[in-house]
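Pasted below: input.cif, mmCIF, C-alpha atoms; chains and numbers go by the auth columns.
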data_run
loop_
_atom_site.group_PDB
_atom_site.id
_atom_site.type_symbol
_atom_site.label_atom_id
_atom_site.label_comp_id
_atom_site.label_asym_id
_atom_site.label_seq_id
_atom_site.Cartn_x
_atom_site.Cartn_y
_atom_site.Cartn_z
_atom_site.B_iso_or_equiv
_atom_site.auth_seq_id
_atom_site.auth_asym_id
ATOM 1 C CA MET A 1 29.965 32.816 -31.565 0.00 22 A
ATOM 2 C CA ARG A 2 32.680 30.531 -30.254 0.00 23 A
ATOM 3 C CA GLY A 3 31.447 31.020 -26.643 0.00 24 A
ATOM 4 C CA VAL A 4 27.897 30.144 -27.682 0.00 25 A
ATOM 5 C CA THR A 5 29.059 26.960 -29.427 0.00 26 A
ATOM 6 C CA LEU A 6 31.118 25.936 -26.402 0.00 27 A
ATOM 7 C CA GLY A 7 28.094 26.603 -24.162 0.00 28 A
ATOM 8 C CA ILE A 8 25.895 24.390 -26.336 0.00 29 A
ATOM 9 C CA ILE A 9 28.455 21.589 -26.266 0.00 30 A
ATOM 10 C CA VAL A 10 28.753 21.774 -22.467 0.00 31 A
ATOM 11 C CA ALA A 11 24.946 21.825 -22.099 0.00 32 A
ATOM 12 C CA CYS A 12 24.637 18.764 -24.354 0.00 33 A
ATOM 13 C CA LEU A 13 27.289 16.890 -22.368 0.00 34 A
ATOM 14 C CA ILE A 14 25.592 17.669 -19.065 0.00 35 A
ATOM 15 C CA GLY A 15 22.159 16.808 -20.459 0.00 36 A
ATOM 16 C CA GLY A 16 23.522 13.599 -21.969 0.00 37 A
ATOM 17 C CA ARG A 17 24.947 12.521 -18.625 0.00 38 A
ATOM 18 C CA ALA A 18 21.643 13.216 -16.884 0.00 39 A
ATOM 19 C CA ALA A 19 19.720 11.275 -19.529 0.00 40 A
ATOM 20 C CA ALA A 20 22.155 8.367 -19.224 0.00 41 A
ATOM 21 C CA ALA A 21 22.070 8.335 -15.408 0.00 42 A
ATOM 22 C CA GLU A 22 21.052 5.041 -13.848 0.00 43 A
ATOM 23 C CA SER A 23 17.639 4.699 -12.301 0.00 44 A
ATOM 24 C CA ALA A 24 17.492 3.699 -8.651 0.00 45 A
ATOM 25 C CA ALA A 25 16.540 0.139 -9.640 0.00 46 A
ATOM 26 C CA GLU A 26 19.426 -0.081 -12.123 0.00 47 A
ATOM 27 C CA ALA A 27 21.934 1.196 -9.570 0.00 48 A
ATOM 28 C CA ILE A 28 20.720 -1.295 -6.953 0.00 49 A
ATOM 29 C CA ARG A 29 20.910 -4.152 -9.476 0.00 50 A
ATOM 30 C CA ALA A 30 24.378 -3.113 -10.681 0.00 51 A
ATOM 31 C CA PHE A 31 25.618 -2.956 -7.070 0.00 52 A
ATOM 32 C CA GLY A 32 24.339 -6.524 -6.577 0.00 53 A
ATOM 33 C CA LEU A 33 21.812 -5.756 -3.829 0.00 54 A
ATOM 34 C CA ILE A 34 18.669 -7.384 -5.203 0.00 55 A
ATOM 35 C CA GLY A 35 17.691 -10.194 -2.847 0.00 56 A
ATOM 36 C CA THR A 36 17.755 -10.962 0.867 0.00 57 A
ATOM 37 C CA TRP A 37 20.660 -10.118 3.177 0.00 58 A
ATOM 38 C CA SER A 38 21.461 -10.698 6.836 0.00 59 A
ATOM 39 C CA VAL A 39 24.256 -10.367 9.347 0.00 60 A
ATOM 40 C CA ASP A 40 23.567 -14.044 10.145 0.00 61 A
ATOM 41 C CA CYS A 41 21.524 -15.955 7.555 0.00 62 A
ATOM 42 C CA LYS A 42 21.340 -18.994 9.885 0.00 63 A
ATOM 43 C CA ARG A 43 19.326 -17.048 12.481 0.00 64 A
ATOM 44 C CA ASP A 44 15.653 -17.208 11.426 0.00 65 A
ATOM 45 C CA PRO A 45 13.618 -14.069 12.255 0.00 66 A
ATOM 46 C CA TYR A 46 10.507 -16.241 12.738 0.00 67 A
ATOM 47 C CA GLN A 47 12.168 -18.087 15.632 0.00 68 A
ATOM 48 C CA ALA A 48 12.054 -16.425 19.049 0.00 69 A
ATOM 49 C CA CYS A 49 15.016 -14.233 19.938 0.00 70 A
ATOM 50 C CA GLU A 50 17.566 -15.895 22.204 0.00 71 A
ATOM 51 C CA ASN A 51 20.099 -14.205 24.482 0.00 72 A
ATOM 52 C CA ASN A 52 18.899 -10.800 23.227 0.00 73 A
ATOM 53 C CA ARG A 53 19.827 -11.795 19.664 0.00 74 A
ATOM 54 C CA CYS A 54 17.137 -11.846 17.020 0.00 75 A
ATOM 55 C CA GLY A 55 17.142 -13.019 13.439 0.00 76 A
ATOM 56 C CA ALA A 56 16.698 -10.340 10.798 0.00 77 A
ATOM 57 C CA ARG A 57 16.453 -10.118 7.030 0.00 78 A
ATOM 58 C CA LEU A 58 16.849 -7.090 4.779 0.00 79 A
ATOM 59 C CA THR A 59 15.408 -7.529 1.282 0.00 80 A
ATOM 60 C CA TYR A 60 16.026 -5.165 -1.616 0.00 81 A
ATOM 61 C CA ILE A 61 13.254 -5.336 -4.222 0.00 82 A
ATOM 62 C CA ALA A 62 13.330 -3.617 -7.625 0.00 83 A
ATOM 63 C CA PRO A 63 10.067 -4.363 -9.472 0.00 84 A
ATOM 64 C CA SER A 64 9.819 -3.871 -13.242 0.00 85 A
ATOM 65 C CA SER A 65 7.548 -0.879 -12.582 0.00 86 A
ATOM 66 C CA GLY A 66 7.322 1.330 -9.529 0.00 87 A
ATOM 67 C CA ALA A 67 9.888 2.371 -6.970 0.00 88 A
ATOM 68 C CA PRO A 68 12.330 -0.090 -5.423 0.00 89 A
ATOM 69 C CA THR A 69 11.831 -0.924 -1.751 0.00 90 A
ATOM 70 C CA ILE A 70 13.761 -2.143 1.271 0.00 91 A
ATOM 71 C CA ARG A 71 11.903 -4.647 3.467 0.00 92 A
ATOM 72 C CA ASN A 72 13.349 -5.234 6.932 0.00 93 A
ATOM 73 C CA VAL A 73 12.006 -8.199 8.933 0.00 94 A
ATOM 74 C CA ILE A 74 13.193 -8.465 12.549 0.00 95 A
ATOM 75 C CA GLY A 75 12.434 -11.263 14.991 0.00 96 A
ATOM 76 C CA THR A 76 10.774 -10.783 18.374 0.00 97 A
ATOM 77 C CA PHE A 77 10.731 -12.731 21.642 0.00 98 A
ATOM 78 C CA SER A 78 7.476 -14.425 20.532 0.00 99 A
ATOM 79 C CA PRO A 79 7.998 -17.322 18.081 0.00 100 A
ATOM 80 C CA GLY A 80 6.419 -16.725 14.676 0.00 101 A
ATOM 81 C CA GLN A 81 5.970 -12.999 15.245 0.00 102 A
ATOM 82 C CA VAL A 82 8.153 -10.449 13.502 0.00 103 A
ATOM 83 C CA ARG A 83 8.300 -6.691 13.057 0.00 104 A
ATOM 84 C CA THR A 84 8.376 -5.577 9.451 0.00 105 A
ATOM 85 C CA PHE A 85 9.534 -2.163 8.265 0.00 106 A
ATOM 86 C CA VAL A 86 9.367 -1.070 4.621 0.00 107 A
ATOM 87 C CA GLY A 87 11.066 1.892 3.012 0.00 108 A
ATOM 88 C CA THR A 88 10.558 3.243 -0.503 0.00 109 A
ATOM 89 C CA ILE A 89 13.780 4.009 -2.343 0.00 110 A
ATOM 90 C CA HIS A 90 13.609 7.360 -4.130 0.00 111 A
ATOM 91 C CA SER A 91 17.149 7.360 -5.487 0.00 112 A
ATOM 92 C CA ALA A 92 20.244 5.207 -5.573 0.00 113 A
ATOM 93 C CA THR A 93 23.549 6.510 -6.865 0.00 114 A
ATOM 94 C CA ARG A 94 26.921 4.849 -7.086 0.00 115 A
ATOM 95 C CA VAL A 95 29.330 7.292 -5.430 0.00 116 A
ATOM 96 C CA ALA A 96 32.340 4.994 -5.955 0.00 117 A
ATOM 97 C CA ASP A 97 32.899 1.487 -7.284 0.00 118 A
ATOM 98 C CA ASP A 98 32.447 0.156 -3.753 0.00 119 A
ATOM 99 C CA LYS A 99 29.832 2.654 -2.434 0.00 120 A
ATOM 100 C CA LEU A 100 26.147 3.165 -3.130 0.00 121 A
ATOM 101 C CA LYS A 101 24.092 6.057 -1.735 0.00 122 A
ATOM 102 C CA ILE A 102 20.391 5.311 -1.208 0.00 123 A
ATOM 103 C CA VAL A 103 17.760 7.919 -0.354 0.00 124 A
ATOM 104 C CA SER A 104 14.614 6.303 1.039 0.00 125 A
ATOM 105 C CA VAL A 105 11.457 7.212 2.918 0.00 126 A
ATOM 106 C CA GLN A 106 10.213 5.104 5.810 0.00 127 A
ATOM 107 C CA ASP A 107 6.711 3.875 4.946 0.00 128 A
ATOM 108 C CA PRO A 108 3.918 3.614 7.516 0.00 129 A
ATOM 109 C CA PRO A 109 2.986 1.463 9.450 0.00 130 A
ATOM 110 C CA PRO A 110 4.286 0.348 11.903 0.00 131 A
ATOM 111 C CA ALA A 111 5.795 3.186 13.835 0.00 132 A
ATOM 112 C CA THR A 112 7.963 2.577 16.819 0.00 133 A
ATOM 113 C CA THR A 113 7.581 4.586 19.992 0.00 134 A
ATOM 114 C CA VAL A 114 11.317 5.273 20.193 0.00 135 A
ATOM 115 C CA ALA A 115 11.562 8.833 18.811 0.00 136 A
ATOM 116 C CA TRP A 116 15.179 8.531 17.708 0.00 137 A
ATOM 117 C CA TRP A 117 14.486 5.523 15.447 0.00 138 A
ATOM 118 C CA ARG A 118 13.213 5.918 11.891 0.00 139 A
ATOM 119 C CA GLN A 119 9.614 7.106 11.732 0.00 140 A
ATOM 120 C CA PRO A 120 7.093 6.996 8.861 0.00 141 A
ATOM 121 C CA GLY A 121 7.607 9.782 6.337 0.00 142 A
ATOM 122 C CA GLU A 122 11.220 10.480 7.276 0.00 143 A
ATOM 123 C CA VAL A 123 13.777 10.744 4.479 0.00 144 A
ATOM 124 C CA TRP A 124 17.004 8.842 5.160 0.00 145 A
ATOM 125 C CA GLU A 125 20.327 8.833 3.321 0.00 146 A
ATOM 126 C CA ILE A 126 22.292 5.602 3.542 0.00 147 A
ATOM 127 C CA VAL A 127 25.685 4.796 2.036 0.00 148 A
ATOM 128 C CA LEU A 128 26.574 1.121 1.679 0.00 149 A
ATOM 129 C CA LEU A 129 30.168 -0.069 1.372 0.00 150 A
ATOM 130 C CA LYS A 130 30.854 -3.240 -0.614 0.00 151 A
ATOM 131 C CA VAL A 131 33.420 -5.561 0.958 0.00 152 A
ATOM 132 C CA GLY A 132 34.012 -8.472 -1.412 0.00 153 A
ATOM 133 C CA GLU A 133 30.690 -10.312 -1.764 0.00 154 A
ATOM 134 C CA LYS A 134 29.308 -8.633 1.368 0.00 155 A
ATOM 135 C CA TYR A 135 28.466 -5.086 2.370 0.00 156 A
ATOM 136 C CA ARG A 136 28.208 -2.934 5.473 0.00 157 A
ATOM 137 C CA THR A 137 26.457 0.331 6.203 0.00 158 A
ATOM 138 C CA PHE A 138 29.018 3.133 5.939 0.00 159 A
ATOM 139 C CA SER A 139 26.679 5.986 6.875 0.00 160 A
ATOM 140 C CA ALA A 140 22.992 6.386 7.711 0.00 161 A
ATOM 141 C CA HIS A 141 21.229 9.557 8.787 0.00 162 A
ATOM 142 C CA ARG A 142 18.012 11.462 8.367 0.00 163 A
ATOM 143 C CA ASP A 143 18.295 14.012 5.569 0.00 164 A
ATOM 144 C CA ASP A 144 18.387 16.930 8.047 0.00 165 A
ATOM 145 C CA LEU A 145 21.144 15.200 10.128 0.00 166 A
ATOM 146 C CA LYS A 146 18.997 15.360 13.290 0.00 167 A
ATOM 147 C CA LYS A 147 19.000 11.557 13.549 0.00 168 A
ATOM 148 C CA ILE A 148 22.138 9.515 12.936 0.00 169 A
ATOM 149 C CA GLU A 149 22.566 5.734 12.998 0.00 170 A
ATOM 150 C CA VAL A 150 25.953 5.166 11.345 0.00 171 A
ATOM 151 C CA GLU A 151 28.980 7.370 10.723 0.00 172 A
ATOM 152 C CA GLU A 152 32.061 6.256 8.741 0.00 173 A
ATOM 153 C CA GLY A 153 31.149 2.608 9.327 0.00 174 A
ATOM 154 C CA PHE A 154 30.615 2.907 13.095 0.00 175 A
ATOM 155 C CA GLU A 155 27.367 2.739 15.057 0.00 176 A
ATOM 156 C CA VAL A 156 26.084 6.049 16.433 0.00 177 A
ATOM 157 C CA ARG A 157 23.786 6.148 19.479 0.00 178 A
ATOM 158 C CA PRO A 158 22.025 8.768 21.575 0.00 179 A
ATOM 159 C CA PRO A 159 23.919 9.757 24.715 0.00 180 A
ATOM 160 C CA PRO A 160 22.805 8.205 28.008 0.00 181 A
ATOM 161 C CA PRO A 161 19.413 9.676 28.941 0.00 182 A
ATOM 162 C CA THR A 162 18.944 12.328 31.622 0.00 183 A
ATOM 163 C CA PRO A 163 16.430 11.958 33.074 0.00 184 A
ATOM 164 C CA PRO A 164 15.714 8.347 32.038 0.00 185 A
ATOM 165 C CA ALA A 165 11.982 9.022 31.581 0.00 186 A
ATOM 166 C CA THR A 166 12.695 11.065 28.426 0.00 187 A
ATOM 167 C CA ALA A 167 14.916 8.470 26.756 0.00 188 A
ATOM 168 C CA TYR A 168 12.390 7.157 24.252 0.00 189 A
ATOM 169 C CA ASN A 169 10.146 10.116 23.518 0.00 190 A
ATOM 170 C CA MET A 170 12.730 12.762 22.595 0.00 191 A
ATOM 171 C CA VAL A 171 15.173 13.065 19.726 0.00 192 A
ATOM 172 C CA PRO A 172 18.607 13.874 21.158 0.00 193 A
ATOM 173 C CA THR A 173 20.434 17.000 20.037 0.00 194 A
ATOM 174 C CA GLN A 174 23.812 15.274 20.073 0.00 195 A
ATOM 175 C CA TRP A 175 24.986 11.783 19.176 0.00 196 A
ATOM 176 C CA VAL A 176 27.808 9.506 20.320 0.00 197 A
ATOM 177 C CA ARG A 177 29.890 7.555 17.821 0.00 198 A
ATOM 178 C CA THR A 178 30.673 4.156 19.341 0.00 199 A
ATOM 179 C CA GLN A 179 33.691 1.928 18.750 0.00 200 A
ATOM 180 C CA ARG A 180 31.364 -0.725 17.281 0.00 201 A
ATOM 181 C CA GLN A 181 31.996 -1.178 13.564 0.00 202 A
ATOM 182 C CA MET A 182 28.886 -2.027 11.585 0.00 203 A
ATOM 183 C CA PRO A 183 28.601 -5.728 10.785 0.00 204 A
ATOM 184 C CA LEU A 184 28.898 -7.219 7.322 0.00 205 A
ATOM 185 C CA PHE A 185 25.731 -8.383 5.565 0.00 206 A
ATOM 186 C CA GLU A 186 25.843 -11.611 3.574 0.00 207 A
ATOM 187 C CA LYS A 187 23.412 -12.671 0.880 0.00 208 A
ATOM 188 C CA CYS A 188 20.988 -15.352 2.097 0.00 209 A
ATOM 189 C CA SER A 189 19.783 -18.176 -0.122 0.00 210 A
ATOM 190 C CA ASP A 190 16.143 -17.983 1.054 0.00 211 A
#
Produce structure tokens that represent the structure in this file.
Amino acid sequence: MRGVTLGIIVACLIGGRAAAAESAAEAIRAFGLIGTWSVDCKRDPYQACENNRCGARLTYIAPSSGAPTIRNVIGTFSPGQVRTFVGTIHSATRVADDKLKIVSVQDPPPATTVAWWRQPGEVWEIVLLKVGEKYRTFSAHRDDLKKIEVEEGFEVRPPPPTPPATAYNMVPTQWVRTQRQMPLFEKCSD
């Protein structure tokens, strides 16, 4: 009888924690992500890129109903034209006081022809690290780990292509962690 009672208590505690778990929108709000962020808020994505540097904005949206989204607007070399990528957030979980894990799916369109970039329908796991009032990407990879963008706060890239003709249409089987630490994102006022 005592074992049954203990089992019921444990089940209630576990069930209570699950019922009290934050929704994705609540976790994103609590982490302070709602709004627009950029590595450089002064660089407007609607202005033409200069010196191979383009403006970009990342906006986290948590509507009162429906799934939260991430909207990424990146400038191009043509003034007034941008590329926009949207991802639907399926879950967001605080893994530490300063870390938030987001699981999102890249929405179509547009797709990019570079096979090792995010494609529509892919599930990605991203961990953000809060640094004061800013944040940086700590890790980012496809859920099956076959595509990696960030590892322990450092950019990850495909190895140099061989032959060069296959560089954009094939997903590499190995990745190279660079020495480039991911930049900090600041909240923009626009």
**Study point:** Close residues, Val177 of chain A itself excluded, 7 Å, all atoms listed in the file, min 5 positions apart in chain, as a PyMOL selection string
**Key:** chain A and resi 169-172+196-199
Restricting the output to C-alpha atoms, write the selected residues as a PDB file, in the frame of the given file.
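Here's the written file out-v8.pdb:
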ATOM      1  CA  ILE A 169      22.138   9.515  12.936  1.00  0.00           C
ATOM      2  CA  GLU A 170      22.566   5.734  12.998  1.00  0.00           C
ATOM      3  CA  VAL A 171      25.953   5.166  11.345  1.00  0.00           C
ATOM      4  CA  GLU A 172      28.980   7.370  10.723  1.00  0.00           C
ATOM      5  CA  TRP A 196      24.986  11.783  19.176  1.00  0.00           C
ATOM      6  CA  VAL A 197      27.808   9.506  20.320  1.00  0.00           C
ATOM      7  CA  ARG A 198      29.890   7.555  17.821  1.00  0.00           C
ATOM      8  CA  THR A 199      30.673   4.156  19.341  1.00  0.00           C
TER       9      THR A 199
END
Exercise for review: Given the file shown, determine the residues that the PyMOL selection byres ((chain A and resi 136-151) around 8) selects; report them as number ranges by chain.
Suggested key: A: 119-135, 152-164, 168, 179, 189-193
Segment 46-66 of chain A residues near segment 105-116 of chain A within 10 Å, closest pair each, using all atoms listed in the file, as CSV:
residue,atom,partner,partner_atom,distance
A:Ala46,CA,A:Ala113,CA,7.5
A:Glu47,CA,A:Ala113,CA,8.5
A:Ala48,CA,A:Ala113,CA,5.9
A:Ile49,CA,A:Ala113,CA,6.7
A:Ala51,CA,A:Arg115,CA,9.1
A:Phe52,CA,A:Arg115,CA,7.9
Review point. Atom CA of Leu79 of chain A and atom CA of Asn93 of chain A, how far apart in Å?
Key: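 Between these atoms lies a distance of 4.5 Å.
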Practice item. Quick one: pull the distance between atom CA of Val94 of chain A and atom CA of Arg78 of chain A, Å, one decimal. Key: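 Interatomic distance here is 5.2 Å.
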Point to revise | Which of A:Thr97, A:Gln202, A:Ser210, A:Thr194 sits closest to Tyr67 of chain A [using all atoms listed in the file] | key: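 Ranked by minimum distance to Tyr67 of chain A, first place goes to A:Thr97.
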Practice item. Name all residues at most 8 Å from segment 53-59 of chain A (count all atoms listed in the file; drop same-chain ones fewer than 5 positions away) and give them as a list in words. Key: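 Once the adjacent positions are removed, what remains is Ala77, Arg78, Leu79, Thr80, Tyr81, Ile82, Ala83, Phe206, Glu207, Lys208, Cys209, Ser210 and Asp211 of chain A.
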Point to revise | Distance in Å - atom CA of Asp165 of chain A versus atom CA of Pro180 of chain A | key: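 Atom CA of Pro180 of chain A lies 19.0 Å from atom CA of Asp165 of chain A.
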Point to revise | Option closest in space to Lys167 of chain A, from A:Ala45, A:Asp61, A:Gly96, A:Gln195 [counting all atoms listed in the file] | key: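 Selected residue with least distance to Lys167 of chain A: A:Gln195.
You can rank A:Ser44, A:Gln102, A:Gln200, A:Thr90 by their closest distance to Arg178 of chain A using all atoms listed in the file, and at the top of that list sits A:Gln200.
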Point to revise | Contacts of Cys70 of chain A within 10 Å, only C-alpha atoms, excl. fewer than 4 positions in-chain, as a list in words | key: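 Counting only C-alpha atoms, the residues come to Arg64, Asp65, Pro66, Arg74, Cys75, Gly76, Ile95, Gly96, Thr97, Phe98, Ser99 and Pro100 of chain A.
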How would segment 52-75 of chain A look with N, CA and C atoms restored, written as an mmCIF file, keeping the file's coordinate frame?
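Written output follows (part04.cif):
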data_model
loop_
_atom_site.group_PDB
_atom_site.id
_atom_site.type_symbol
_atom_site.label_atom_id
_atom_site.label_comp_id
_atom_site.auth_asym_id
_atom_site.auth_seq_id
_atom_site.Cartn_x
_atom_site.Cartn_y
_atom_site.Cartn_z
ATOM 1 N N PHE A 52 24.850 -2.818 -8.304
ATOM 2 C CA PHE A 52 25.618 -2.956 -7.070
ATOM 3 C C PHE A 52 25.496 -4.375 -6.506
ATOM 4 N N GLY A 53 24.521 -5.137 -7.016
ATOM 5 C CA GLY A 53 24.339 -6.524 -6.577
ATOM 6 C C GLY A 53 23.481 -6.682 -5.340
ATOM 7 N N LEU A 54 22.598 -5.719 -5.064
ATOM 8 C CA LEU A 54 21.812 -5.756 -3.829
ATOM 9 C C LEU A 54 20.497 -6.524 -3.916
ATOM 10 N N ILE A 55 19.975 -6.743 -5.091
ATOM 11 C CA ILE A 55 18.669 -7.384 -5.203
ATOM 12 C C ILE A 55 18.713 -8.736 -4.491
ATOM 13 N N GLY A 56 17.759 -8.945 -3.590
ATOM 14 C CA GLY A 56 17.691 -10.194 -2.847
ATOM 15 C C GLY A 56 17.662 -9.935 -1.346
ATOM 16 N N THR A 57 17.868 -11.000 -0.593
ATOM 17 C CA THR A 57 17.755 -10.962 0.867
ATOM 18 C C THR A 57 19.131 -11.078 1.502
ATOM 19 N N TRP A 58 19.368 -10.224 2.500
ATOM 20 C CA TRP A 58 20.660 -10.118 3.177
ATOM 21 C C TRP A 58 20.467 -10.202 4.690
ATOM 22 N N SER A 59 21.512 -10.637 5.377
ATOM 23 C CA SER A 59 21.461 -10.698 6.836
ATOM 24 C C SER A 59 22.880 -10.672 7.396
ATOM 25 N N VAL A 60 22.989 -10.273 8.637
ATOM 26 C CA VAL A 60 24.256 -10.367 9.347
ATOM 27 C C VAL A 60 24.536 -11.834 9.665
ATOM 28 N N ASP A 61 23.457 -12.612 9.849
ATOM 29 C CA ASP A 61 23.567 -14.044 10.145
ATOM 30 C C ASP A 61 22.393 -14.760 9.491
ATOM 31 N N CYS A 62 22.603 -15.297 8.305
ATOM 32 C CA CYS A 62 21.524 -15.955 7.555
ATOM 33 C C CYS A 62 21.002 -17.205 8.261
ATOM 34 N N LYS A 63 21.782 -17.793 9.171
ATOM 35 C CA LYS A 63 21.340 -18.994 9.885
ATOM 36 C C LYS A 63 20.300 -18.674 10.959
ATOM 37 N N ARG A 64 20.263 -17.448 11.422
ATOM 38 C CA ARG A 64 19.326 -17.048 12.481
ATOM 39 C C ARG A 64 18.008 -16.634 11.829
ATOM 40 N N ASP A 65 16.969 -17.423 12.035
ATOM 41 C CA ASP A 65 15.653 -17.208 11.426
ATOM 42 C C ASP A 65 14.866 -16.157 12.208
ATOM 43 N N PRO A 66 14.385 -15.092 11.529
ATOM 44 C CA PRO A 66 13.618 -14.069 12.255
ATOM 45 C C PRO A 66 12.288 -14.590 12.805
ATOM 46 N N TYR A 67 11.783 -15.699 12.269
ATOM 47 C CA TYR A 67 10.507 -16.241 12.738
ATOM 48 C C TYR A 67 10.659 -17.132 13.975
ATOM 49 N N GLN A 68 11.909 -17.384 14.380
ATOM 50 C CA GLN A 68 12.168 -18.087 15.632
ATOM 51 C C GLN A 68 12.297 -17.036 16.730
ATOM 52 N N ALA A 69 11.958 -17.382 17.942
ATOM 53 C CA ALA A 69 12.054 -16.425 19.049
ATOM 54 C C ALA A 69 13.504 -15.991 19.251
ATOM 55 N N CYS A 70 13.681 -14.759 19.635
ATOM 56 C CA CYS A 70 15.016 -14.233 19.938
ATOM 57 C C CYS A 70 15.586 -14.989 21.134
ATOM 58 N N GLU A 71 16.884 -15.220 21.109
ATOM 59 C CA GLU A 71 17.566 -15.895 22.204
ATOM 60 C C GLU A 71 18.763 -15.067 22.633
ATOM 61 N N ASN A 72 18.962 -14.955 23.939
ATOM 62 C CA ASN A 72 20.099 -14.205 24.482
ATOM 63 C C ASN A 72 20.167 -12.787 23.900
ATOM 64 N N ASN A 73 19.013 -12.155 23.780
ATOM 65 C CA ASN A 73 18.899 -10.800 23.227
ATOM 66 C C ASN A 73 19.413 -10.696 21.796
ATOM 67 N N ARG A 74 19.439 -11.797 21.076
ATOM 68 C CA ARG A 74 19.827 -11.795 19.664
ATOM 69 C C ARG A 74 18.651 -12.299 18.849
ATOM 70 N N CYS A 75 18.283 -11.507 17.864
ATOM 71 C CA CYS A 75 17.137 -11.846 17.020
ATOM 72 C C CYS A 75 17.591 -12.021 15.575
#
